[in-house]
Amino acid sequence: MESKTTDKSHSNLIYTIIFILLAVITGVEVFLSSPILQISRGLRNTFFILFSLGKAGLVAAFFMHLRSDSKFYTYIFLGPVIMLLIFAYVMVIS
Amino acid sequence: MSTESVELKQENNWKRYFTWNTDHKVIGVQYLVTAFAFFLIGGALAMLIRTELLQPGIDFMDGTIYNRVITNHGSIMIFLWIIPVLAGFANYMLPLMIGARDMAFPNLNALSFWLIPVGGLFVLLSFFIGAAETGWTAYVPLSIQAPDGQTIWAIGVILLGFSSIFGAINFVTTTFTMRTEGMGFLELPLFVWSMLATSLLILVATPVLTAGLILIAMDRVFGTIFFTVQAGGDPILWQNVFWFYSHPAVYIMILPGMGIISEVLPVFSRKPIFGYIAIALSSMAISVLGLTVWAHHMFTSGMSPALRVPFMITSMIIAVPTGIKIFSWLGTIWGGKLRFTPSMLFSLGFISMFLIGGITGVFQASVPFDLYVHDTYFIVGHLHFVLFGGSVFSVFSGFYYWFPKVTGREMNERLGKIQFALMFIGANLTYLPMFASGMLGMPRRVVDYAPELASLNLLTTIGAYILGTSVIVFFHNAATSWLRGPKATSNPWRALTLEWMTTSPPPIHNFEELPVVTSGPYEYGETPGASDTRQTLEVTGD
Amino acid sequence: MEKAMETMKAEGSHHEDHFRAGKALGLDHRKLGMWLFLSSEVMFFGGLLSTFLFYKVNNPSPSEVALLDVVLVGVNTFILLTSSFTVVLGLTAIQRNNVQGVMRFLGITMLLGAVFLAGQGYEFVKLYYEGMTLSSSVFASAFFTLTGFHGLHVFIGLIWAGLTIFKAYQGQYSAEEYGGVEIFGLYWHFVDIVWIVLFTLIYLV
């Protein structure tokens, strides 16, 4: 694999860092889910949700290039996500 | 779209309409003809319904057959007539209006069309194996217990949903990436704005219905128990999923129509549109708000009572952008030099009828009122005023407007006016009495009714027969005009949007040279600029 | 202020850039189309996910929740994340004109995707033999439908990956023309993101 510019090998580095982050977070999640730990459900769930949003955000921002591309793609993606949150909430409490 | 295709002799034979063709103009015609065919089928079912309801008592349809007829009347009119016919206009006109040579994804466009007859075939086939009989709303658990045709119906609707979604992807991408030079977003014709607003709804709402129909299919075929009440299955879950799509669906059915009205009124008033930005932004507002009102269809379902209040509020708020449009249209025709062509008549009829439909909608948004009229003929009256008086009238307005462009021939104006008169009288006679019968307690979807309601139903049925007659007049006009009508010029209405700046019909590549836009789309009555060299653009001294 | 129109001298329509307006906005029409499609997929999974959450909250099935294998599926989640990583590596490879590289990385992606599906299949079979079936409870119905449709999307992704590798083999991609790889990548990453959310809401929370 030849790198034409330092720019490109630099970006592989970013992706690798992101990947390691994703792997570590996943590991932490599995560990946290273990019944051995004495953490309250609410606290545990908060972490899980934050972690999953973090992981999803990292994949979207870096692997899917949302961070470097036109902001419009981000709006197209986030709009339905927000709509979905509203719908899911109304559904569950109906 | 290379120079080779420019040099190819344009294949004008009818056979190409039966093939996989990627030209958006061919696809547009395919959509339009197919949709009108389904309009006839759905309309025939309506005639059956009104004939049965001419008098109290069971006349010639038992309850089960009646339920199948009303289910398919609704399903066909919504999924196989209105949504596709408006998509057909959009397919034909959108690229032309923005000065493009085709849509962004021509093959996806062809797929979008061909899903319509396939999906339609499923819906029609379901009649032969025990049709869907739950109403188009397919509430559970009835739709789980219904005969096999219900599954076929569900598959058909899923396929039609894909058609819609793929179309929306094409409309948005084309509008954003293929506008000709000089056409910024503030120079977009309002029909194009309306298609953007519609596409947003299609993309966000349709997939949820797809998911819901899959749940029903899973229960019916694979033994899941989503809607088995004894196991904890919840009918309200289906209603939420269904209406999350089906309320935006009504905006999907009206927004393009409103776009057509915004195109037609300036041309036949010889005046600029009043409030261009207001109309463009109100379309987007209706679209976004339209995603937040769905549970107003569920006020009597047993849903959590407190949750009804926010939905009442959002359902009332949505009247505001709608009202802004009505005032803008009135401002457009006010003081204009009106020309009462059939297209213009249908647009004016739209305004009056949609007004009635819209206002009765605001009544229904109020929870106490809706508790009283829900599932009565009041609702049926409301929905037909907005869908027939609104959407269908806009379709005819657009049809008379764009027929010369698509076919290169003119429709008969006298027959058009006769059709309008019959249709306007027929529609009002059919649907106005429904408000009364609904308030008197006549439930919807019933094959029989109390004798006191007989005269109201008689009026409605007579109105329906007048409507049926007007449709016959229309088809006669359309068919004979297409075959033998006088040839049309490139711009018979002296309009200013780009589709009129090419021949009727346009060449396969749409424009010989791509236009460059230097001003807005509705600047009628202004002095032509020095750079104007075309006779057809002269608009002063009308 | 008439709507005057000057016409461009057409040098033949094959010199036209049909997507000029998009480029002026920084939009590639294929990417825009894919993002619009993905937004509809968000809502599709959203519908199924909302159903699952409704039953998980209002009709919980703790005995069946206990059967879910967090560790196995956690490893599976890691595998899917790795497959997203290899897609990105494939993309940077073709951006450097490395056709062998993109084929290799997408091949690994396919392998990892297949392992993921195998793992999911194993989890399904295990649950089935432990008494959790499509009809054992509303929770189970929702579980299998939601994860099943995700699996279907992974499967479609595998076929798409294979097609992309084939096109690379045919020389259709290069450092100047790698859009097809990027578009496939968007789909695959999206399927990964869906799984991240599903894993959390089904197995963890």
# chains A, B, ... in the order shown; residues from 1 in each chain; ligands from 1
$ interface_residues --of "chain B" --to "chain A" --cutoff "7 Å" --atoms "only C-alpha atoms" --output "PyMOL selection string"
chain B and resi 204+237+240+303-304
$ interface_residues --of "chain A" --to "chain C" --cutoff "8 Å" --atoms "only C-alpha atoms" --output "JSON, numbers by chain"
{"A": [1, 2, 3, 4, 8, 12, 15, 16, 19, 22, 23, 26, 27, 29, 30, 33, 44, 45, 48, 49, 52, 53, 55, 56, 59, 60, 63, 64, 69, 70, 73, 76, 77, 80, 81, 84, 87, 88, 91, 92]}
$ residues_around --residues "B:Gly223" --least-positions-apart "5" --cutoff "10 Å" --atoms "only C-alpha atoms" --output "PDB file with C-alpha atoms, in the first residue's frame"
ATOM      1  CA  ALA B 217     -47.959 -10.094   7.698  1.00  0.00           C
ATOM      2  CA  MET B 218     -45.734 -11.744  10.330  1.00  0.00           C
TER       3      MET B 218
ATOM      4  CA  THR C 133     -39.828 -18.617  19.639  1.00  0.00           C
ATOM      5  CA  LEU C 134     -41.698 -16.296  17.297  1.00  0.00           C
ATOM      6  CA  SER C 135     -44.859 -16.965  19.229  1.00  0.00           C
ATOM      7  CA  SER C 136     -43.698 -17.561  22.792  1.00  0.00           C
ATOM      8  CA  SER C 141     -42.088 -11.768  18.409  1.00  0.00           C
TER       9      SER C 141
END
$ residues_around --residues "stretch 162-178 of chain B" --least-positions-apart "4" --cutoff "7 Å" --atoms "only C-alpha atoms" --output "list in words"
Ala100, Met103, Ala104, Phe105, Leu108, Asn109, Ser112, Phe113, Leu115, Ile116, Ile158, Leu196, Ser199, Ile202 and Leu203 of chain B; His18, Phe19, Arg20, Ala21, Gly22, His29, Leu32, Gly33, Leu36 and Phe37 of chain C
$ closest_residue --among "B:Ile70, B:Val516, B:Ile78, B:Ala35" --to "chain C" --atoms "only C-alpha atoms"
B:Val516
$ residues_around --residues "B:His247" --least-positions-apart "2" --cutoff "10 Å" --atoms "only C-alpha atoms" --output "MDAnalysis selection string"
chainID B and resid 201 205 242:245 249:252 290:297
$ write_last_selection --atoms "N, CA and C atoms" --output "PDB file, in the first residue's frame"
ATOM      1  N   LEU B 201     -42.080  14.072   3.600  1.00  0.00           N
ATOM      2  CA  LEU B 201     -43.074  13.242   4.277  1.00  0.00           C
ATOM      3  C   LEU B 201     -42.982  11.789   3.832  1.00  0.00           C
ATOM      4  N   ALA B 205     -42.296   9.066   6.660  1.00  0.00           N
ATOM      5  CA  ALA B 205     -43.495   8.381   7.159  1.00  0.00           C
ATOM      6  C   ALA B 205     -43.740   7.009   6.547  1.00  0.00           C
ATOM      7  N   PHE B 242     -49.839   2.823  12.024  1.00  0.00           N
ATOM      8  CA  PHE B 242     -50.593   3.108  10.804  1.00  0.00           C
ATOM      9  C   PHE B 242     -50.763   4.596  10.596  1.00  0.00           C
ATOM     10  N   TRP B 243     -51.236   5.298  11.610  1.00  0.00           N
ATOM     11  CA  TRP B 243     -51.544   6.711  11.423  1.00  0.00           C
ATOM     12  C   TRP B 243     -50.296   7.581  11.350  1.00  0.00           C
ATOM     13  N   PHE B 244     -49.184   7.089  11.896  1.00  0.00           N
ATOM     14  CA  PHE B 244     -47.950   7.862  11.750  1.00  0.00           C
ATOM     15  C   PHE B 244     -47.636   8.072  10.269  1.00  0.00           C
ATOM     16  N   TYR B 245     -47.983   7.068   9.429  1.00  0.00           N
ATOM     17  CA  TYR B 245     -47.861   7.271   8.001  1.00  0.00           C
ATOM     18  C   TYR B 245     -49.107   7.938   7.434  1.00  0.00           C
ATOM     19  N   ALA B 249     -49.788  10.946   4.927  1.00  0.00           N
ATOM     20  CA  ALA B 249     -50.250  10.555   3.592  1.00  0.00           C
ATOM     21  C   ALA B 249     -51.244  11.561   3.034  1.00  0.00           C
ATOM     22  N   VAL B 250     -52.098  12.107   3.895  1.00  0.00           N
ATOM     23  CA  VAL B 250     -53.063  13.047   3.341  1.00  0.00           C
ATOM     24  C   VAL B 250     -52.364  14.321   2.899  1.00  0.00           C
ATOM     25  N   TYR B 251     -51.262  14.679   3.550  1.00  0.00           N
ATOM     26  CA  TYR B 251     -50.519  15.840   3.074  1.00  0.00           C
ATOM     27  C   TYR B 251     -49.739  15.497   1.822  1.00  0.00           C
ATOM     28  N   ILE B 252     -49.300  14.214   1.732  1.00  0.00           N
ATOM     29  CA  ILE B 252     -48.670  13.764   0.498  1.00  0.00           C
ATOM     30  C   ILE B 252     -49.656  13.896  -0.652  1.00  0.00           C
ATOM     31  N   GLY B 290     -47.061  18.161   9.809  1.00  0.00           N
ATOM     32  CA  GLY B 290     -47.886  17.010   9.455  1.00  0.00           C
ATOM     33  C   GLY B 290     -47.404  15.713  10.093  1.00  0.00           C
ATOM     34  N   LEU B 291     -46.136  15.696  10.502  1.00  0.00           N
ATOM     35  CA  LEU B 291     -45.593  14.508  11.157  1.00  0.00           C
ATOM     36  C   LEU B 291     -45.934  14.449  12.634  1.00  0.00           C
ATOM     37  N   THR B 292     -46.576  15.508  13.154  1.00  0.00           N
ATOM     38  CA  THR B 292     -46.799  15.567  14.606  1.00  0.00           C
ATOM     39  C   THR B 292     -48.254  15.484  15.003  1.00  0.00           C
ATOM     40  N   VAL B 293     -49.145  15.172  14.061  1.00  0.00           N
ATOM     41  CA  VAL B 293     -50.571  15.243  14.389  1.00  0.00           C
ATOM     42  C   VAL B 293     -51.286  13.902  14.386  1.00  0.00           C
ATOM     43  N   TRP B 294     -50.585  12.812  14.096  1.00  0.00           N
ATOM     44  CA  TRP B 294     -51.263  11.575  13.722  1.00  0.00           C
ATOM     45  C   TRP B 294     -52.301  11.038  14.701  1.00  0.00           C
ATOM     46  N   ALA B 295     -52.093  11.218  15.971  1.00  0.00           N
ATOM     47  CA  ALA B 295     -53.009  10.568  16.915  1.00  0.00           C
ATOM     48  C   ALA B 295     -54.377  11.231  16.980  1.00  0.00           C
ATOM     49  N   HIS B 296     -54.594  12.308  16.193  1.00  0.00           N
ATOM     50  CA  HIS B 296     -55.953  12.858  16.205  1.00  0.00           C
ATOM     51  C   HIS B 296     -56.927  11.904  15.516  1.00  0.00           C
ATOM     52  N   HIS B 297     -56.410  10.853  14.906  1.00  0.00           N
ATOM     53  CA  HIS B 297     -57.289   9.815  14.362  1.00  0.00           C
ATOM     54  C   HIS B 297     -57.650   8.784  15.425  1.00  0.00           C
TER      55      HIS B 297
END
$ atom_distance --atom1 "atom CA of B:Arg409" --atom2 "atom CA of B:Ala488"
4.6 Å
$ select_by_dssp --residues "stretch 149-191 of chain C" --states "helix (DSSP H, G or I)" --output "PyMOL selection string"
chain C and resi 149-169+179-191
$ atom_distance --atom1 "atom CA of B:Trp493" --atom2 "atom CA of B:Ile83"
26.6 Å
$ closest_residue --among "C:Thr109, C:Gln120, C:Ser174, C:Ser137" --to "chain B" --atoms "only C-alpha atoms"
C:Ser137
$ closest_residue --among "B:Arg179, B:Lys337, B:Lys487, B:His476" --to "chain C" --atoms "only C-alpha atoms"
B:Arg179
$ residues_around --residues "stretch 254-257 of chain B" --least-positions-apart "4" --cutoff "7 Å" --atoms "only C-alpha atoms" --output "list in words"
Leu86, Phe191, Ser194, Met195, Thr198, Val250, Ile261, Ser283, Gly390, Ser391, Ser394 and Val395 of chain B
$ closest_residue --among "A:Leu78, A:Leu58, A:Arg67, A:Tyr89" --to "A:Ile17" --atoms "only C-alpha atoms"
A:Leu58
$ closest_residue --among "B:Pro321, B:Pro505, B:Gly182, B:Pro305" --to "chain C" --atoms "only C-alpha atoms"
B:Gly182
$ residues_around --residues "B:Leu121" --least-positions-apart "6" --cutoff "10 Å" --atoms "only C-alpha atoms" --output "number ranges by chain"
B: 115, 152-153, 156
$ write_last_selection --atoms "N, CA and C atoms" --output "short mmCIF file (atom, residue, chain, number, x, y, z; two decimals), in the first residue's frame"
data_model
loop_
_atom_site.label_atom_id
_atom_site.label_comp_id
_atom_site.auth_asym_id
_atom_site.auth_seq_id
_atom_site.Cartn_x
_atom_site.Cartn_y
_atom_site.Cartn_z
N LEU B 115 -43.41 -0.60 -10.13
CA LEU B 115 -43.95 -1.11 -8.87
C LEU B 115 -45.45 -0.80 -8.74
N ILE B 152 -52.32 -10.48 0.84
CA ILE B 152 -51.98 -10.02 -0.51
C ILE B 152 -52.10 -8.50 -0.59
N TRP B 153 -53.15 -7.99 0.01
CA TRP B 153 -53.36 -6.53 0.06
C TRP B 153 -52.17 -5.86 0.73
N GLY B 156 -49.18 -5.79 -1.47
CA GLY B 156 -49.37 -4.78 -2.51
C GLY B 156 -49.07 -3.39 -1.99
#
$ closest_residue --among "C:Ala24, C:Val65, C:Ile202, C:Ala161" --to "chain B" --atoms "only C-alpha atoms"
C:Ala24
$ atom_distance --atom1 "atom CA of B:Phe79" --atom2 "atom CA of B:Ala146"
20.4 Å
$ decode --residues "stretch 36-79 of chain C" --atoms "N, CA and C atoms" --output "PDB file, in the first residue's frame"
ATOM      1  N   LEU C  36     -30.554   9.959   1.565  1.00  0.00           N
ATOM      2  CA  LEU C  36     -32.009  10.033   1.624  1.00  0.00           C
ATOM      3  C   LEU C  36     -32.589   8.639   1.847  1.00  0.00           C
ATOM      4  N   PHE C  37     -32.007   7.648   1.146  1.00  0.00           N
ATOM      5  CA  PHE C  37     -32.459   6.275   1.351  1.00  0.00           C
ATOM      6  C   PHE C  37     -32.220   5.850   2.793  1.00  0.00           C
ATOM      7  N   LEU C  38     -31.047   6.173   3.323  1.00  0.00           N
ATOM      8  CA  LEU C  38     -30.731   5.787   4.705  1.00  0.00           C
ATOM      9  C   LEU C  38     -31.690   6.452   5.691  1.00  0.00           C
ATOM     10  N   SER C  39     -32.110   7.679   5.385  1.00  0.00           N
ATOM     11  CA  SER C  39     -33.045   8.330   6.304  1.00  0.00           C
ATOM     12  C   SER C  39     -34.370   7.577   6.329  1.00  0.00           C
ATOM     13  N   SER C  40     -34.764   7.014   5.182  1.00  0.00           N
ATOM     14  CA  SER C  40     -35.989   6.218   5.195  1.00  0.00           C
ATOM     15  C   SER C  40     -35.761   4.910   5.953  1.00  0.00           C
ATOM     16  N   GLU C  41     -34.556   4.379   5.879  1.00  0.00           N
ATOM     17  CA  GLU C  41     -34.240   3.162   6.630  1.00  0.00           C
ATOM     18  C   GLU C  41     -34.235   3.429   8.125  1.00  0.00           C
ATOM     19  N   VAL C  42     -33.804   4.622   8.522  1.00  0.00           N
ATOM     20  CA  VAL C  42     -33.884   4.996   9.943  1.00  0.00           C
ATOM     21  C   VAL C  42     -35.322   4.829  10.416  1.00  0.00           C
ATOM     22  N   MET C  43     -36.265   5.304   9.614  1.00  0.00           N
ATOM     23  CA  MET C  43     -37.669   5.240  10.021  1.00  0.00           C
ATOM     24  C   MET C  43     -38.205   3.820   9.963  1.00  0.00           C
ATOM     25  N   PHE C  44     -37.703   3.017   9.020  1.00  0.00           N
ATOM     26  CA  PHE C  44     -38.161   1.629   8.956  1.00  0.00           C
ATOM     27  C   PHE C  44     -37.749   0.881  10.222  1.00  0.00           C
ATOM     28  N   PHE C  45     -36.450   0.972  10.534  1.00  0.00           N
ATOM     29  CA  PHE C  45     -35.999   0.313  11.759  1.00  0.00           C
ATOM     30  C   PHE C  45     -36.643   0.955  12.976  1.00  0.00           C
ATOM     31  N   GLY C  46     -36.911   2.262  12.844  1.00  0.00           N
ATOM     32  CA  GLY C  46     -37.569   2.960  13.939  1.00  0.00           C
ATOM     33  C   GLY C  46     -38.929   2.377  14.250  1.00  0.00           C
ATOM     34  N   GLY C  47     -39.671   2.042  13.192  1.00  0.00           N
ATOM     35  CA  GLY C  47     -40.989   1.444  13.403  1.00  0.00           C
ATOM     36  C   GLY C  47     -40.868   0.112  14.143  1.00  0.00           C
ATOM     37  N   LEU C  48     -39.944  -0.733  13.685  1.00  0.00           N
ATOM     38  CA  LEU C  48     -39.770  -2.043  14.334  1.00  0.00           C
ATOM     39  C   LEU C  48     -39.210  -1.873  15.743  1.00  0.00           C
ATOM     40  N   LEU C  49     -38.300  -0.919  15.896  1.00  0.00           N
ATOM     41  CA  LEU C  49     -37.685  -0.704  17.203  1.00  0.00           C
ATOM     42  C   LEU C  49     -38.712  -0.174  18.206  1.00  0.00           C
ATOM     43  N   SER C  50     -39.556   0.745  17.754  1.00  0.00           N
ATOM     44  CA  SER C  50     -40.594   1.281  18.633  1.00  0.00           C
ATOM     45  C   SER C  50     -41.520   0.171  19.097  1.00  0.00           C
ATOM     46  N   THR C  51     -41.840  -0.733  18.191  1.00  0.00           N
ATOM     47  CA  THR C  51     -42.672  -1.876  18.555  1.00  0.00           C
ATOM     48  C   THR C  51     -41.985  -2.706  19.623  1.00  0.00           C
ATOM     49  N   PHE C  52     -40.695  -2.982  19.400  1.00  0.00           N
ATOM     50  CA  PHE C  52     -39.944  -3.771  20.377  1.00  0.00           C
ATOM     51  C   PHE C  52     -39.924  -3.073  21.734  1.00  0.00           C
ATOM     52  N   LEU C  53     -39.629  -1.774  21.725  1.00  0.00           N
ATOM     53  CA  LEU C  53     -39.556  -1.040  22.988  1.00  0.00           C
ATOM     54  C   LEU C  53     -40.912  -1.021  23.688  1.00  0.00           C
ATOM     55  N   PHE C  54     -41.982  -0.868  22.901  1.00  0.00           N
ATOM     56  CA  PHE C  54     -43.322  -0.859  23.482  1.00  0.00           C
ATOM     57  C   PHE C  54     -43.560  -2.134  24.275  1.00  0.00           C
ATOM     58  N   TYR C  55     -43.239  -3.276  23.629  1.00  0.00           N
ATOM     59  CA  TYR C  55     -43.499  -4.533  24.324  1.00  0.00           C
ATOM     60  C   TYR C  55     -42.499  -4.790  25.432  1.00  0.00           C
ATOM     61  N   LYS C  56     -41.252  -4.330  25.236  1.00  0.00           N
ATOM     62  CA  LYS C  56     -40.248  -4.540  26.289  1.00  0.00           C
ATOM     63  C   LYS C  56     -40.669  -3.791  27.563  1.00  0.00           C
ATOM     64  N   VAL C  57     -41.226  -2.595  27.367  1.00  0.00           N
ATOM     65  CA  VAL C  57     -41.603  -1.779  28.524  1.00  0.00           C
ATOM     66  C   VAL C  57     -42.959  -2.187  29.096  1.00  0.00           C
ATOM     67  N   ASN C  58     -43.928  -2.426  28.208  1.00  0.00           N
ATOM     68  CA  ASN C  58     -45.300  -2.653  28.678  1.00  0.00           C
ATOM     69  C   ASN C  58     -45.667  -4.101  28.858  1.00  0.00           C
ATOM     70  N   ASN C  59     -44.859  -5.003  28.338  1.00  0.00           N
ATOM     71  CA  ASN C  59     -45.179  -6.431  28.421  1.00  0.00           C
ATOM     72  C   ASN C  59     -43.882  -7.216  28.601  1.00  0.00           C
ATOM     73  N   PRO C  60     -43.117  -6.888  29.650  1.00  0.00           N
ATOM     74  CA  PRO C  60     -41.780  -7.472  29.757  1.00  0.00           C
ATOM     75  C   PRO C  60     -41.835  -8.993  29.933  1.00  0.00           C
ATOM     76  N   SER C  61     -40.766  -9.609  29.530  1.00  0.00           N
ATOM     77  CA  SER C  61     -40.700 -11.065  29.591  1.00  0.00           C
ATOM     78  C   SER C  61     -39.350 -11.421  30.225  1.00  0.00           C
ATOM     79  N   PRO C  62     -39.231 -11.212  31.526  1.00  0.00           N
ATOM     80  CA  PRO C  62     -37.919 -11.341  32.171  1.00  0.00           C
ATOM     81  C   PRO C  62     -37.272 -12.718  31.989  1.00  0.00           C
ATOM     82  N   SER C  63     -38.102 -13.757  31.944  1.00  0.00           N
ATOM     83  CA  SER C  63     -37.522 -15.085  31.787  1.00  0.00           C
ATOM     84  C   SER C  63     -36.819 -15.218  30.442  1.00  0.00           C
ATOM     85  N   GLU C  64     -37.385 -14.563  29.434  1.00  0.00           N
ATOM     86  CA  GLU C  64     -36.764 -14.638  28.123  1.00  0.00           C
ATOM     87  C   GLU C  64     -35.581 -13.695  28.013  1.00  0.00           C
ATOM     88  N   VAL C  65     -35.689 -12.537  28.679  1.00  0.00           N
ATOM     89  CA  VAL C  65     -34.553 -11.612  28.682  1.00  0.00           C
ATOM     90  C   VAL C  65     -33.329 -12.310  29.271  1.00  0.00           C
ATOM     91  N   ALA C  66     -33.569 -13.138  30.289  1.00  0.00           N
ATOM     92  CA  ALA C  66     -32.453 -13.845  30.941  1.00  0.00           C
ATOM     93  C   ALA C  66     -31.756 -14.812  29.998  1.00  0.00           C
ATOM     94  N   LEU C  67     -32.467 -15.254  28.954  1.00  0.00           N
ATOM     95  CA  LEU C  67     -31.879 -16.206  28.026  1.00  0.00           C
ATOM     96  C   LEU C  67     -30.919 -15.531  27.043  1.00  0.00           C
ATOM     97  N   LEU C  68     -31.028 -14.196  26.895  1.00  0.00           N
ATOM     98  CA  LEU C  68     -30.204 -13.506  25.900  1.00  0.00           C
ATOM     99  C   LEU C  68     -28.730 -13.572  26.286  1.00  0.00           C
ATOM    100  N   ASP C  69     -27.895 -13.897  25.322  1.00  0.00           N
ATOM    101  CA  ASP C  69     -26.479 -14.105  25.589  1.00  0.00           C
ATOM    102  C   ASP C  69     -25.689 -12.830  25.271  1.00  0.00           C
ATOM    103  N   VAL C  70     -25.475 -12.023  26.303  1.00  0.00           N
ATOM    104  CA  VAL C  70     -24.838 -10.718  26.101  1.00  0.00           C
ATOM    105  C   VAL C  70     -23.401 -10.856  25.625  1.00  0.00           C
ATOM    106  N   VAL C  71     -22.691 -11.855  26.168  1.00  0.00           N
ATOM    107  CA  VAL C  71     -21.267 -11.979  25.826  1.00  0.00           C
ATOM    108  C   VAL C  71     -21.106 -12.393  24.367  1.00  0.00           C
ATOM    109  N   LEU C  72     -21.870 -13.423  23.969  1.00  0.00           N
ATOM    110  CA  LEU C  72     -21.791 -13.883  22.584  1.00  0.00           C
ATOM    111  C   LEU C  72     -22.097 -12.735  21.625  1.00  0.00           C
ATOM    112  N   VAL C  73     -23.211 -12.065  21.893  1.00  0.00           N
ATOM    113  CA  VAL C  73     -23.628 -11.012  20.979  1.00  0.00           C
ATOM    114  C   VAL C  73     -22.727  -9.782  21.111  1.00  0.00           C
ATOM    115  N   GLY C  74     -22.141  -9.622  22.292  1.00  0.00           N
ATOM    116  CA  GLY C  74     -21.150  -8.551  22.458  1.00  0.00           C
ATOM    117  C   GLY C  74     -19.954  -8.772  21.540  1.00  0.00           C
ATOM    118  N   VAL C  75     -19.490 -10.017  21.510  1.00  0.00           N
ATOM    119  CA  VAL C  75     -18.387 -10.356  20.594  1.00  0.00           C
ATOM    120  C   VAL C  75     -18.825 -10.116  19.153  1.00  0.00           C
ATOM    121  N   ASN C  76     -20.058 -10.502  18.851  1.00  0.00           N
ATOM    122  CA  ASN C  76     -20.603 -10.298  17.509  1.00  0.00           C
ATOM    123  C   ASN C  76     -20.637  -8.813  17.138  1.00  0.00           C
ATOM    124  N   THR C  77     -20.981  -8.000  18.130  1.00  0.00           N
ATOM    125  CA  THR C  77     -21.008  -6.555  17.910  1.00  0.00           C
ATOM    126  C   THR C  77     -19.614  -6.065  17.550  1.00  0.00           C
ATOM    127  N   PHE C  78     -18.633  -6.590  18.275  1.00  0.00           N
ATOM    128  CA  PHE C  78     -17.243  -6.212  17.992  1.00  0.00           C
ATOM    129  C   PHE C  78     -16.869  -6.619  16.563  1.00  0.00           C
ATOM    130  N   ILE C  79     -17.319  -7.796  16.147  1.00  0.00           N
ATOM    131  CA  ILE C  79     -17.013  -8.272  14.799  1.00  0.00           C
ATOM    132  C   ILE C  79     -17.608  -7.344  13.753  1.00  0.00           C
TER     133      ILE C  79
END
